[in-house]
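*Asks:* File structure-v9.cif below, mmCIF, C-alpha atoms:
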```
data_query
#
loop_
_atom_site.label_atom_id
_atom_site.label_comp_id
_atom_site.auth_asym_id
_atom_site.auth_seq_id
_atom_site.Cartn_x
_atom_site.Cartn_y
_atom_site.Cartn_z
CA MET A 1146 68.54 -25.20 -67.18
CA GLU A 1147 67.35 -28.69 -68.13
CA ARG A 1148 63.99 -28.03 -66.46
CA SER A 1149 63.66 -24.77 -68.40
CA LYS A 1150 64.49 -26.56 -71.66
CA PHE A 1151 61.96 -29.32 -70.91
CA TRP A 1152 59.22 -26.77 -70.24
CA GLY A 1153 60.14 -24.88 -73.40
CA ASN A 1154 59.74 -28.08 -75.43
CA TYR A 1155 56.68 -29.54 -73.75
CA GLY A 1156 55.09 -26.77 -71.67
CA SER A 1157 52.31 -25.82 -74.08
CA SER A 1158 51.43 -29.48 -74.67
CA ILE A 1159 51.34 -30.19 -70.92
CA LEU A 1160 49.06 -27.20 -70.26
CA LEU A 1161 46.78 -28.23 -73.12
CA LEU A 1162 46.62 -31.84 -71.88
CA LEU A 1163 45.89 -30.69 -68.32
CA GLY A 1164 43.10 -28.45 -69.60
CA ILE A 1165 41.49 -31.35 -71.47
CA ILE A 1166 41.89 -33.75 -68.52
CA VAL A 1167 40.41 -31.27 -66.03
CA GLY A 1168 37.58 -30.50 -68.45
CA SER A 1169 36.87 -34.21 -68.91
CA ILE A 1170 36.74 -34.77 -65.16
CA VAL A 1171 34.38 -31.82 -64.75
CA GLY A 1172 32.16 -33.27 -67.50
CA VAL A 1173 32.04 -36.68 -65.84
CA VAL A 1174 31.35 -35.27 -62.36
CA LEU A 1175 28.79 -32.62 -63.30
CA GLY A 1176 27.13 -34.45 -66.18
CA GLU A 1177 24.74 -32.27 -68.16
CA LYS A 1178 25.33 -29.38 -65.74
CA ALA A 1179 28.80 -29.03 -67.31
CA MET A 1180 27.11 -27.69 -70.44
CA ILE A 1181 27.08 -24.31 -68.70
CA LEU A 1182 30.75 -24.11 -69.76
CA SER A 1183 29.84 -24.56 -73.42
CA PRO A 1184 29.95 -20.81 -74.29
CA ILE A 1185 33.60 -20.59 -73.16
CA GLY A 1186 34.60 -23.46 -75.44
CA ASP A 1187 32.50 -22.10 -78.28
CA ILE A 1188 34.15 -18.68 -78.03
CA PHE A 1189 37.60 -20.25 -78.34
CA LEU A 1190 36.55 -22.38 -81.31
CA ASN A 1191 34.96 -19.37 -83.00
CA LEU A 1192 38.21 -17.43 -82.60
CA MET A 1193 40.11 -20.30 -84.21
CA PHE A 1194 37.64 -20.72 -87.07
CA THR A 1195 37.57 -16.96 -87.70
CA ILE A 1196 41.34 -16.71 -88.13
CA VAL A 1197 41.65 -19.79 -90.34
CA VAL A 1198 40.52 -18.32 -93.69
CA PRO A 1199 42.84 -15.28 -93.67
CA MET A 1200 45.67 -17.42 -92.32
CA VAL A 1201 45.33 -20.02 -95.08
CA PHE A 1202 44.95 -17.47 -97.87
CA ILE A 1203 47.82 -15.26 -96.73
CA SER A 1204 50.23 -18.06 -95.79
CA ILE A 1205 49.81 -19.95 -99.08
CA SER A 1206 49.86 -16.77 -101.17
CA THR A 1207 53.02 -15.66 -99.38
CA ALA A 1208 54.77 -19.01 -99.77
CA VAL A 1209 53.97 -19.27 -103.48
CA GLY A 1210 54.54 -15.55 -104.10
CA ASN A 1211 58.04 -15.75 -102.62
CA MET A 1212 58.98 -18.59 -104.99
CA LEU A 1213 60.95 -17.62 -108.04
CA ASN A 1214 61.44 -21.26 -109.07
CA MET A 1215 58.06 -22.68 -110.06
CA LYS A 1216 59.60 -26.13 -110.44
CA ARG A 1217 59.86 -26.18 -106.65
CA LEU A 1218 56.14 -25.54 -106.35
CA GLY A 1219 55.41 -28.37 -108.76
CA LYS A 1220 57.71 -30.65 -106.77
CA ILE A 1221 55.94 -29.78 -103.51
CA LEU A 1222 52.46 -30.35 -104.95
CA GLY A 1223 53.41 -33.59 -106.71
CA SER A 1224 55.17 -35.09 -103.71
CA LEU A 1225 52.42 -34.15 -101.24
CA MET A 1226 49.75 -35.87 -103.36
CA ALA A 1227 51.86 -39.04 -103.62
CA ILE A 1228 52.51 -39.00 -99.86
CA PHE A 1229 48.86 -38.33 -98.98
CA ILE A 1230 47.69 -41.30 -101.06
CA GLY A 1231 50.57 -43.55 -99.98
CA THR A 1232 50.01 -43.08 -96.25
CA GLY A 1233 46.26 -43.52 -96.80
CA ILE A 1234 46.85 -46.92 -98.39
CA VAL A 1235 49.10 -47.96 -95.48
CA ALA A 1236 46.36 -46.95 -93.02
CA ALA A 1237 43.80 -48.92 -95.05
CA ILE A 1238 45.91 -52.08 -94.99
CA LEU A 1239 46.21 -51.89 -91.20
CA ILE A 1240 42.44 -51.57 -90.61
CA PHE A 1241 41.70 -54.38 -93.11
CA VAL A 1242 43.85 -56.69 -90.99
CA VAL A 1243 42.30 -55.50 -87.72
CA VAL A 1244 38.62 -55.82 -88.73
CA ASN A 1245 39.23 -59.33 -90.04
CA ILE A 1246 40.71 -60.36 -86.69
CA PHE A 1247 38.24 -58.36 -84.59
CA PRO A 1248 34.91 -57.85 -86.46
CA PRO A 1249 33.48 -54.58 -85.10
CA ALA A 1250 29.76 -55.46 -85.15
CA VAL A 1251 29.87 -58.63 -83.03
CA GLY A 1252 27.23 -58.41 -80.30
CA ALA A 1253 25.60 -55.25 -81.66
CA LYS A 1254 21.79 -55.20 -81.41
CA ILE A 1255 20.91 -52.00 -83.23
CA VAL A 1256 17.29 -51.41 -84.16
CA LEU A 1257 16.98 -50.30 -87.77
CA ASN A 1258 14.95 -47.12 -87.72
CA SER A 1259 13.94 -45.56 -90.98
CA GLY A 1260 16.27 -42.71 -91.90
CA ASN A 1261 16.27 -40.20 -94.69
CA MET A 1262 19.41 -40.96 -96.65
CA GLY A 1263 18.95 -38.11 -99.08
CA THR A 1264 19.99 -38.05 -102.70
CA PRO A 1265 23.75 -38.26 -103.26
CA SER A 1266 25.12 -35.66 -105.65
CA SER A 1267 26.55 -36.75 -108.97
CA ALA A 1268 30.30 -37.19 -109.28
CA ALA A 1269 30.50 -34.11 -111.50
CA ASN A 1270 28.68 -31.93 -108.97
CA LEU A 1271 30.86 -33.19 -106.13
CA ILE A 1272 34.01 -32.26 -108.05
CA VAL A 1273 32.67 -28.81 -108.97
CA ASN A 1274 31.52 -28.07 -105.40
CA SER A 1275 34.78 -29.36 -103.94
CA LEU A 1276 37.07 -27.24 -106.10
CA THR A 1277 35.13 -24.06 -106.87
CA VAL A 1278 32.58 -21.56 -105.57
CA ASN A 1279 30.07 -19.63 -107.66
CA ASP A 1280 30.75 -16.27 -106.03
CA PHE A 1281 33.85 -14.48 -104.71
CA SER A 1282 32.23 -14.17 -101.28
CA GLY A 1283 32.33 -17.98 -101.05
CA LEU A 1284 36.10 -17.73 -100.61
CA PHE A 1285 35.54 -16.12 -97.20
CA SER A 1286 34.04 -19.29 -95.71
CA ARG A 1287 36.03 -22.08 -94.06
CA LYS A 1288 33.47 -24.49 -95.51
CA ASN A 1289 35.14 -24.01 -98.90
CA MET A 1290 38.74 -24.82 -98.03
CA LEU A 1291 39.81 -26.36 -101.33
CA PRO A 1292 38.58 -23.38 -103.39
CA ILE A 1293 40.42 -21.08 -100.95
CA ILE A 1294 43.62 -23.10 -101.41
CA ILE A 1295 43.30 -23.06 -105.21
CA ALA A 1296 42.66 -19.29 -105.21
CA SER A 1297 45.64 -18.77 -102.88
CA ILE A 1298 47.98 -20.72 -105.14
CA GLY A 1299 46.76 -18.77 -108.20
CA PHE A 1300 47.15 -15.42 -106.43
CA GLY A 1301 50.58 -16.34 -105.10
CA PHE A 1302 51.73 -17.46 -108.55
CA SER A 1303 50.63 -14.12 -110.00
CA VAL A 1304 52.53 -12.25 -107.26
CA SER A 1305 55.63 -14.32 -108.01
CA VAL A 1306 55.44 -13.52 -111.72
CA CYS A 1307 54.94 -9.80 -110.98
CA GLY A 1308 57.98 -9.28 -108.76
CA GLY A 1309 57.68 -11.80 -105.96
CA GLU A 1310 58.52 -10.84 -102.38
CA GLU A 1311 60.27 -7.63 -103.47
CA SER A 1312 57.11 -6.27 -105.09
CA PRO A 1313 54.84 -3.97 -103.04
CA VAL A 1314 52.18 -6.67 -102.78
CA GLY A 1315 54.83 -9.28 -101.91
CA LYS A 1316 56.12 -7.14 -99.05
CA LEU A 1317 52.55 -6.53 -97.86
CA LEU A 1318 51.81 -10.27 -97.89
CA ASN A 1319 54.93 -11.09 -95.87
CA ASN A 1320 54.08 -8.41 -93.31
CA MET A 1321 50.47 -9.59 -93.07
CA ASN A 1322 51.68 -13.17 -92.64
CA ASN A 1323 53.76 -12.13 -89.61
CA ILE A 1324 50.79 -10.24 -88.17
CA ILE A 1325 48.40 -13.19 -88.64
CA MET A 1326 50.80 -15.61 -86.94
CA LYS A 1327 51.23 -13.23 -83.99
CA LEU A 1328 47.44 -13.03 -83.66
CA VAL A 1329 47.25 -16.83 -83.77
CA GLU A 1330 49.86 -17.00 -81.00
CA LEU A 1331 47.69 -14.75 -78.83
CA ILE A 1332 44.55 -16.83 -79.48
CA MET A 1333 46.36 -20.08 -78.64
CA LYS A 1334 47.22 -18.81 -75.17
CA LEU A 1335 43.53 -19.38 -74.40
CA ALA A 1336 43.65 -23.00 -75.62
CA PRO A 1337 43.93 -24.84 -72.25
CA ILE A 1338 40.89 -22.96 -70.87
CA GLY A 1339 38.88 -22.98 -74.10
CA LEU A 1340 39.41 -26.65 -74.92
CA GLY A 1341 38.96 -27.67 -71.29
CA ALA A 1342 35.54 -25.98 -71.22
CA TYR A 1343 34.62 -27.44 -74.61
CA PHE A 1344 35.52 -30.97 -73.49
CA ALA A 1345 33.64 -30.58 -70.20
CA SER A 1346 30.42 -29.64 -72.01
CA LEU A 1347 30.93 -32.33 -74.67
CA ILE A 1348 31.36 -35.15 -72.16
CA GLY A 1349 28.60 -33.73 -69.97
CA GLU A 1350 26.19 -33.92 -72.91
CA PHE A 1351 27.23 -37.12 -74.69
CA GLY A 1352 29.17 -39.11 -72.09
CA PRO A 1353 26.46 -41.70 -71.31
CA LYS A 1354 25.87 -42.36 -75.01
CA LEU A 1355 29.46 -43.16 -75.94
CA LEU A 1356 29.31 -46.91 -75.34
CA GLY A 1357 26.30 -49.17 -75.87
CA ASP A 1358 26.11 -51.08 -79.14
CA TYR A 1359 28.95 -49.05 -80.65
CA GLY A 1360 31.34 -49.85 -77.82
CA ARG A 1361 33.11 -52.73 -79.57
CA ALA A 1362 33.66 -50.69 -82.74
CA MET A 1363 35.15 -47.87 -80.67
CA LEU A 1364 37.34 -50.28 -78.71
CA ILE A 1365 38.69 -51.50 -82.04
CA TYR A 1366 39.02 -48.12 -83.71
CA TYR A 1367 40.78 -46.07 -81.03
CA PRO A 1368 43.57 -48.60 -80.28
CA THR A 1369 44.05 -49.14 -84.04
CA CYS A 1370 44.62 -45.42 -84.54
CA ILE A 1371 47.02 -45.32 -81.60
CA LEU A 1372 48.87 -48.34 -83.03
CA TYR A 1373 49.09 -46.63 -86.42
CA ALA A 1374 50.51 -43.47 -84.81
CA ILE A 1375 53.05 -45.44 -82.76
CA LEU A 1376 54.24 -47.55 -85.70
CA ALA A 1377 53.78 -45.35 -88.76
CA PHE A 1378 54.56 -41.84 -87.56
CA PRO A 1379 58.10 -42.59 -86.28
CA LEU A 1380 58.76 -44.63 -89.44
CA TYR A 1381 57.60 -41.78 -91.70
CA ALA A 1382 59.66 -39.29 -89.67
CA TYR A 1383 62.74 -41.55 -89.89
CA ILE A 1384 62.33 -41.83 -93.66
CA SER A 1385 62.09 -38.04 -93.85
CA GLY A 1386 65.23 -37.23 -91.86
CA GLY A 1387 66.61 -40.04 -89.71
CA LYS A 1388 66.82 -40.15 -85.92
CA GLU A 1389 66.93 -36.37 -85.56
CA ALA A 1390 63.64 -36.04 -87.41
CA VAL A 1391 62.02 -38.67 -85.14
CA SER A 1392 63.30 -36.80 -82.07
CA ARG A 1393 61.93 -33.44 -83.23
CA MET A 1394 58.62 -34.97 -84.30
CA SER A 1395 58.21 -36.58 -80.87
CA LYS A 1396 58.81 -33.22 -79.18
CA TYR A 1397 56.28 -31.18 -81.08
CA ILE A 1398 53.55 -33.49 -82.40
CA LEU A 1399 51.56 -33.67 -79.16
CA THR A 1400 50.11 -30.13 -79.21
CA PRO A 1401 48.51 -30.38 -82.68
CA ALA A 1402 47.34 -33.93 -81.91
CA LEU A 1403 45.60 -32.83 -78.70
CA THR A 1404 44.12 -29.74 -80.36
CA ALA A 1405 42.71 -31.86 -83.17
CA PHE A 1406 41.29 -34.44 -80.75
CA ALA A 1407 39.56 -31.76 -78.69
CA THR A 1408 38.25 -29.57 -81.52
CA GLN A 1409 37.52 -32.41 -83.98
CA SER A 1410 38.70 -30.06 -86.72
CA SER A 1411 41.85 -30.30 -88.84
CA VAL A 1412 41.23 -26.72 -89.92
CA ALA A 1413 41.18 -25.42 -86.33
CA THR A 1414 44.47 -27.29 -85.76
CA LEU A 1415 46.31 -25.45 -88.54
CA PRO A 1416 47.92 -22.83 -86.24
CA THR A 1417 49.40 -25.44 -83.91
CA ASN A 1418 50.52 -27.56 -86.87
CA MET A 1419 52.34 -24.56 -88.35
CA ALA A 1420 54.08 -23.93 -85.04
CA ALA A 1421 55.08 -27.61 -84.82
CA CYS A 1422 56.50 -27.60 -88.35
CA LYS A 1423 58.44 -24.39 -87.68
CA ASN A 1424 59.91 -25.90 -84.51
CA ILE A 1425 60.82 -29.12 -86.31
CA GLY A 1426 62.59 -27.17 -89.05
CA VAL A 1427 60.30 -27.80 -92.00
CA PRO A 1428 60.93 -25.10 -94.65
CA LYS A 1429 58.35 -22.33 -94.44
CA ASP A 1430 57.21 -22.57 -98.06
CA VAL A 1431 56.71 -26.31 -97.64
CA TYR A 1432 54.51 -26.29 -94.55
CA GLU A 1433 52.53 -23.24 -95.64
CA ILE A 1434 51.39 -25.23 -98.68
CA VAL A 1435 51.26 -28.79 -97.32
CA LEU A 1436 49.38 -28.09 -94.07
CA PRO A 1437 46.34 -26.24 -95.51
CA MET A 1438 46.01 -28.85 -98.25
CA GLY A 1439 46.50 -31.62 -95.70
CA ALA A 1440 43.69 -30.21 -93.56
CA THR A 1441 41.26 -31.03 -96.37
CA MET A 1442 42.93 -33.92 -98.20
CA HIS A 1443 45.28 -35.87 -95.91
CA MET A 1444 42.96 -38.11 -93.91
CA ASP A 1445 44.59 -41.34 -92.69
CA GLY A 1446 42.25 -41.43 -89.67
CA SER A 1447 39.25 -40.97 -91.95
CA VAL A 1448 40.43 -43.78 -94.22
CA ILE A 1449 40.57 -46.08 -91.19
CA SER A 1450 37.14 -44.95 -89.99
CA SER A 1451 35.55 -45.39 -93.44
CA ILE A 1452 36.67 -49.01 -93.67
CA LEU A 1453 35.57 -49.60 -90.07
CA LYS A 1454 32.10 -48.23 -90.95
CA ILE A 1455 31.85 -50.49 -93.99
CA SER A 1456 32.90 -53.54 -91.97
CA PHE A 1457 30.47 -52.56 -89.20
CA LEU A 1458 27.54 -52.41 -91.63
CA PHE A 1459 28.51 -55.76 -93.14
CA GLY A 1460 28.31 -57.24 -89.62
CA ILE A 1461 24.99 -55.54 -88.79
CA PHE A 1462 23.42 -56.99 -91.94
CA ASP A 1463 25.03 -60.40 -91.37
CA LEU A 1464 27.23 -60.23 -94.48
CA GLU A 1465 30.79 -61.47 -94.83
CA PHE A 1466 33.35 -58.68 -95.17
CA ALA A 1467 35.78 -60.56 -97.38
CA GLY A 1468 36.98 -60.89 -100.95
CA ILE A 1469 39.30 -58.87 -103.19
CA ASP A 1470 36.39 -57.07 -104.89
CA THR A 1471 34.93 -55.99 -101.55
CA TYR A 1472 38.32 -54.83 -100.27
CA LEU A 1473 39.08 -52.88 -103.44
CA MET A 1474 35.67 -51.20 -103.35
CA ALA A 1475 36.14 -50.34 -99.66
CA LEU A 1476 39.61 -48.92 -100.41
CA VAL A 1477 38.33 -46.76 -103.27
CA VAL A 1478 35.38 -45.47 -101.24
CA SER A 1479 37.58 -44.68 -98.22
CA ILE A 1480 40.18 -42.86 -100.33
CA LEU A 1481 37.47 -40.96 -102.21
CA SER A 1482 35.72 -39.98 -98.98
CA ALA A 1483 38.95 -38.84 -97.36
CA PHE A 1484 40.71 -37.08 -100.21
CA VAL A 1485 37.86 -35.62 -102.26
CA LEU A 1486 34.59 -35.44 -100.33
CA SER A 1487 36.23 -34.02 -97.19
CA GLY A 1488 36.76 -30.76 -99.04
CA ALA A 1489 33.12 -30.42 -100.03
CA PRO A 1490 30.46 -28.90 -97.75
CA GLY A 1491 28.93 -31.74 -95.71
CA GLY A 1492 31.58 -34.05 -97.15
CA GLY A 1493 31.56 -36.43 -94.17
CA LEU A 1494 27.85 -37.15 -94.49
CA VAL A 1495 28.15 -37.42 -98.27
CA GLY A 1496 30.88 -40.01 -97.77
CA GLU A 1497 28.62 -41.98 -95.45
CA MET A 1498 25.80 -41.81 -98.00
CA LEU A 1499 28.29 -43.09 -100.57
CA ILE A 1500 29.10 -46.08 -98.36
CA VAL A 1501 25.42 -46.93 -97.95
CA SER A 1502 24.52 -46.53 -101.63
CA LEU A 1503 27.55 -48.17 -103.30
CA PHE A 1504 27.40 -51.27 -101.14
CA GLY A 1505 23.63 -51.60 -101.57
CA PHE A 1506 22.63 -51.14 -97.93
CA PRO A 1507 19.06 -49.92 -97.25
CA PRO A 1508 18.50 -46.26 -96.34
CA GLU A 1509 18.00 -47.28 -92.67
CA ALA A 1510 21.75 -47.97 -92.53
CA PHE A 1511 22.61 -44.28 -92.91
CA PRO A 1512 21.76 -43.19 -89.31
CA ILE A 1513 23.79 -46.13 -88.03
CA VAL A 1514 26.94 -45.24 -89.95
CA ALA A 1515 26.47 -41.50 -89.25
CA THR A 1516 26.30 -42.18 -85.50
CA LEU A 1517 29.43 -44.29 -85.65
CA GLY A 1518 31.11 -41.49 -87.59
CA PHE A 1519 30.31 -39.05 -84.79
CA LEU A 1520 31.78 -41.37 -82.15
CA VAL A 1521 35.08 -42.01 -83.94
CA ASP A 1522 35.55 -38.45 -85.23
CA PRO A 1523 37.77 -37.12 -82.39
CA MET A 1524 40.44 -39.79 -82.92
CA ALA A 1525 40.10 -39.65 -86.71
CA THR A 1526 40.74 -35.90 -86.68
CA CYS A 1527 43.65 -36.35 -84.27
CA LEU A 1528 45.33 -38.80 -86.65
CA ASN A 1529 44.48 -36.68 -89.70
CA ALA A 1530 45.90 -33.45 -88.33
CA ALA A 1531 48.99 -34.91 -86.65
CA GLY A 1532 49.69 -36.73 -89.90
CA ASP A 1533 49.82 -33.39 -91.72
CA THR A 1534 52.95 -32.44 -89.77
CA ILE A 1535 54.54 -35.79 -90.64
CA ALA A 1536 53.59 -35.32 -94.30
CA SER A 1537 55.28 -31.90 -94.31
CA MET A 1538 58.47 -33.55 -93.08
CA MET A 1539 58.31 -36.18 -95.84
CA VAL A 1540 57.69 -33.52 -98.50
CA SER A 1541 60.74 -31.65 -97.14
CA ARG A 1542 62.80 -34.78 -97.71
CA VAL A 1543 61.70 -34.93 -101.36
CA VAL A 1544 62.08 -31.20 -102.05
CA GLU A 1545 65.19 -30.35 -99.99
CA GLY A 1546 67.07 -33.65 -99.99
CA GLU A 1547 68.19 -35.94 -97.19
CA LYS A 1548 70.12 -33.19 -95.34
CA TRP A 1549 67.12 -30.88 -94.84
CA ILE A 1550 66.80 -31.66 -91.13
CA GLU A 1551 70.46 -30.76 -90.51
CA GLU A 1552 70.22 -27.50 -92.45
CA ASN A 1553 67.13 -26.24 -90.60
CA LYS A 1554 67.67 -25.46 -86.94
CA GLU A 1555 65.20 -26.46 -84.29
CA GLU A 1556 63.55 -23.58 -82.46
CA VAL A 1557 60.92 -23.25 -79.77
CA LEU A 1558 57.78 -21.35 -80.76
CA THR A 1559 55.23 -21.39 -77.94
CA ILE A 1560 51.87 -21.80 -79.63
#
```
Could you quickly redo this structure as structure tokens?
*Replies:*
Amino acid sequence: MERSKFWGNYGSSILLLLGIIVGSIVGVVLGEKAMILSPIGDIFLNLMFTIVVPMVFISISTAVGNMLNMKRLGKILGSLMAIFIGTGIVAAILIFVVVNIFPPAVGAKIVLNSGNMGTPSSAANLIVNSLTVNDFSGLFSRKNMLPIIIASIGFGFSVSVCGGEESPVGKLLNNMNNIIMKLVELIMKLAPIGLGAYFASLIGEFGPKLLGDYGRAMLIYYPTCILYAILAFPLYAYISGGKEAVSRMSKYILTPALTAFATQSSVATLPTNMAACKNIGVPKDVYEIVLPMGATMHMDGSVISSILKISFLFGIFDLEFAGIDTYLMALVVSILSAFVLSGAPGGGLVGEMLIVSLFGFPPEAFPIVATLGFLVDPMATCLNAAGDTIASMMVSRVVEGEKWIEENKEEVLTI
């Protein structure tokens, strides 16, 4: 019985981890020959990316449409923004301490090749492109997640005003939501094979390039993220619901974390995050709003990586990364990159351009920081996506009160 319970709690995570480990070993052993497995991984990722847009639109529209009390919606949105920014600041403080003790660019001998930095968009254009699209068809692309979320909230609000879940459209949305989640469950059964193949081809292609002059920065970044997860996540979970919340978080956080690490996409991790939140006991209307918004705006790992990139460039150009003004500028740039630019098409590269331009680095610095961004992205995404589940728990504490964890039973949903 105990063995059955253990497998019910951890089985999907164990299979996913085994798939990634086996895929990694295959990539190391076969090298570039492992790229023959790339189509299998790509098929799985394409399935995940295809289901994301309807899942986000329907889940948010359903959650908001079922609400008769709009004050609850306002409370959810207000608390999630405060929590997103608050955890981002905590992450920033940690990496500030780390890079001052262990400067990431020591020993690096990178040749500055001329790179085309491009022309950064104006602040106004970034805001417009982040929040809106100029044609309805743009809402069918996962590259426009924030506009999809805004449209979903507006549509759900209109459904709520026009009869809510008892209206014909409300009933249709709830039925479609159940259908979408069942389809997601079927797709996720392929995850160990799909992610294993994806990782094998990834390591086979890029394995030899993952160290070199960027090795020290990676050796600083990855342990820092792990330290943040070990210290901050249990603390956040405890604040949200005490020891029981920490226990449930520990049971179910691994699957979304591994999925995010392997896919390097918070959006592709949404299905596993929703399953984790359901198992933990987060109210449905909370996680169906918090998780999609978190996938584009809650970026603790990206905050850490942005400050690491800035510190790395300071070291490359033999500048001292110190001073209140420098720290404040780095904090603002990292928060802006994580919470605003991540929702815009090409937001990661725009954020890196922003780092180069605002700190006055030459255009040749852009390829350097872009390469570092590629190397740290798996762990950044892992921290970002896993943090969305924790944020949902904290929002539940604000919206439902301190007894929310006791009132919502734990269940096992195998996704």
*Asks:* Would you translate the PyMOL selection byres ((chain A and resi 1289) around 10) into the concrete set of residues it matches in this file, as a list in words?
*Replies:* Val1198, Asn1274, Ser1275, Leu1276, Thr1277, Val1278, Gly1283, Leu1284, Phe1285, Ser1286, Arg1287, Lys1288, Met1290, Leu1291, Pro1292, Ile1293, Ile1294, Thr1441, Gly1488, Ala1489 and Pro1490 of chain A
*Asks:* Could you list, as a ChimeraX atom specification, every residue within 12 Å of Val1174 of chain A, counting only C-alpha atoms and ignoring same-chain residues fewer than 6 positions away?
*Replies:* /A:1167-1168,1180,1345-1346,1348-1350,1352
*Asks:* Interatomic distance between atom CA of Ile1384 of chain A and atom CA of Met1539 of chain A?
*Replies:*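 Separation between atom CA of Ile1384 of chain A and atom CA of Met1539 of chain A: 7.3 Å.
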*Asks:* Could you tell me which residues the PyMOL selection byres ((chain A and resi 1231) around 12) grabs in this file, written as a ChimeraX atom specification?
*Replies:* /A:1224-1230,1232-1238,1377,1381,1443-1445,1448,1480,1484,1536,1539
*Asks:* Applied to this file, what does the PyMOL selection byres ((chain A and resi 1450) around 12) return in terms of residues, put as a PDB file with C-alpha atoms, in the coordinates of the input?
*Replies:*
```
ATOM      1  CA  GLY A1233      46.260 -43.520 -96.800  1.00  0.00           C
ATOM      2  CA  ALA A1236      46.360 -46.950 -93.020  1.00  0.00           C
ATOM      3  CA  ALA A1237      43.800 -48.920 -95.050  1.00  0.00           C
ATOM      4  CA  LEU A1239      46.210 -51.890 -91.200  1.00  0.00           C
ATOM      5  CA  ILE A1240      42.440 -51.570 -90.610  1.00  0.00           C
ATOM      6  CA  PHE A1241      41.700 -54.380 -93.110  1.00  0.00           C
ATOM      7  CA  VAL A1243      42.300 -55.500 -87.720  1.00  0.00           C
ATOM      8  CA  VAL A1244      38.620 -55.820 -88.730  1.00  0.00           C
ATOM      9  CA  PRO A1249      33.480 -54.580 -85.100  1.00  0.00           C
ATOM     10  CA  ALA A1362      33.660 -50.690 -82.740  1.00  0.00           C
ATOM     11  CA  MET A1363      35.150 -47.870 -80.670  1.00  0.00           C
ATOM     12  CA  ILE A1365      38.690 -51.500 -82.040  1.00  0.00           C
ATOM     13  CA  TYR A1366      39.020 -48.120 -83.710  1.00  0.00           C
ATOM     14  CA  TYR A1367      40.780 -46.070 -81.030  1.00  0.00           C
ATOM     15  CA  THR A1369      44.050 -49.140 -84.040  1.00  0.00           C
ATOM     16  CA  CYS A1370      44.620 -45.420 -84.540  1.00  0.00           C
ATOM     17  CA  MET A1444      42.960 -38.110 -93.910  1.00  0.00           C
ATOM     18  CA  ASP A1445      44.590 -41.340 -92.690  1.00  0.00           C
ATOM     19  CA  GLY A1446      42.250 -41.430 -89.670  1.00  0.00           C
ATOM     20  CA  SER A1447      39.250 -40.970 -91.950  1.00  0.00           C
ATOM     21  CA  VAL A1448      40.430 -43.780 -94.220  1.00  0.00           C
ATOM     22  CA  ILE A1449      40.570 -46.080 -91.190  1.00  0.00           C
ATOM     23  CA  SER A1451      35.550 -45.390 -93.440  1.00  0.00           C
ATOM     24  CA  ILE A1452      36.670 -49.010 -93.670  1.00  0.00           C
ATOM     25  CA  LEU A1453      35.570 -49.600 -90.070  1.00  0.00           C
ATOM     26  CA  LYS A1454      32.100 -48.230 -90.950  1.00  0.00           C
ATOM     27  CA  ILE A1455      31.850 -50.490 -93.990  1.00  0.00           C
ATOM     28  CA  SER A1456      32.900 -53.540 -91.970  1.00  0.00           C
ATOM     29  CA  PHE A1457      30.470 -52.560 -89.200  1.00  0.00           C
ATOM     30  CA  ALA A1475      36.140 -50.340 -99.660  1.00  0.00           C
ATOM     31  CA  LEU A1476      39.610 -48.920-100.410  1.00  0.00           C
ATOM     32  CA  VAL A1478      35.380 -45.470-101.240  1.00  0.00           C
ATOM     33  CA  SER A1479      37.580 -44.680 -98.220  1.00  0.00           C
ATOM     34  CA  ILE A1480      40.180 -42.860-100.330  1.00  0.00           C
ATOM     35  CA  SER A1482      35.720 -39.980 -98.980  1.00  0.00           C
ATOM     36  CA  ALA A1483      38.950 -38.840 -97.360  1.00  0.00           C
ATOM     37  CA  GLY A1493      31.560 -36.430 -94.170  1.00  0.00           C
ATOM     38  CA  GLY A1496      30.880 -40.010 -97.770  1.00  0.00           C
ATOM     39  CA  GLU A1497      28.620 -41.980 -95.450  1.00  0.00           C
ATOM     40  CA  ILE A1500      29.100 -46.080 -98.360  1.00  0.00           C
ATOM     41  CA  VAL A1514      26.940 -45.240 -89.950  1.00  0.00           C
ATOM     42  CA  ALA A1515      26.470 -41.500 -89.250  1.00  0.00           C
ATOM     43  CA  LEU A1517      29.430 -44.290 -85.650  1.00  0.00           C
ATOM     44  CA  GLY A1518      31.110 -41.490 -87.590  1.00  0.00           C
ATOM     45  CA  PHE A1519      30.310 -39.050 -84.790  1.00  0.00           C
ATOM     46  CA  LEU A1520      31.780 -41.370 -82.150  1.00  0.00           C
ATOM     47  CA  VAL A1521      35.080 -42.010 -83.940  1.00  0.00           C
ATOM     48  CA  ASP A1522      35.550 -38.450 -85.230  1.00  0.00           C
ATOM     49  CA  PRO A1523      37.770 -37.120 -82.390  1.00  0.00           C
ATOM     50  CA  MET A1524      40.440 -39.790 -82.920  1.00  0.00           C
ATOM     51  CA  ALA A1525      40.100 -39.650 -86.710  1.00  0.00           C
ATOM     52  CA  THR A1526      40.740 -35.900 -86.680  1.00  0.00           C
ATOM     53  CA  LEU A1528      45.330 -38.800 -86.650  1.00  0.00           C
ATOM     54  CA  ASN A1529      44.480 -36.680 -89.700  1.00  0.00           C
TER      55      ASN A1529
END
```
*Asks:* Expressed in Å to a single decimal, how great is the separation between atom CA of Tyr1383 of chain A and atom CA of Met1538 of chain A?
*Replies:*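 Atom CA of Tyr1383 of chain A sits 9.6 Å away from atom CA of Met1538 of chain A.
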*Asks:* Mind giving me the axis-aligned box for segment 1430-1438 of chain A with 3 Å on every side, centre plus edges in Å to one decimal, as JSON?
*Replies:*
```
{"center_x": 51.6, "center_y": -25.7, "center_z": -96.4, "size_x": 17.2, "size_y": 12.3, "size_z": 10.6}
```
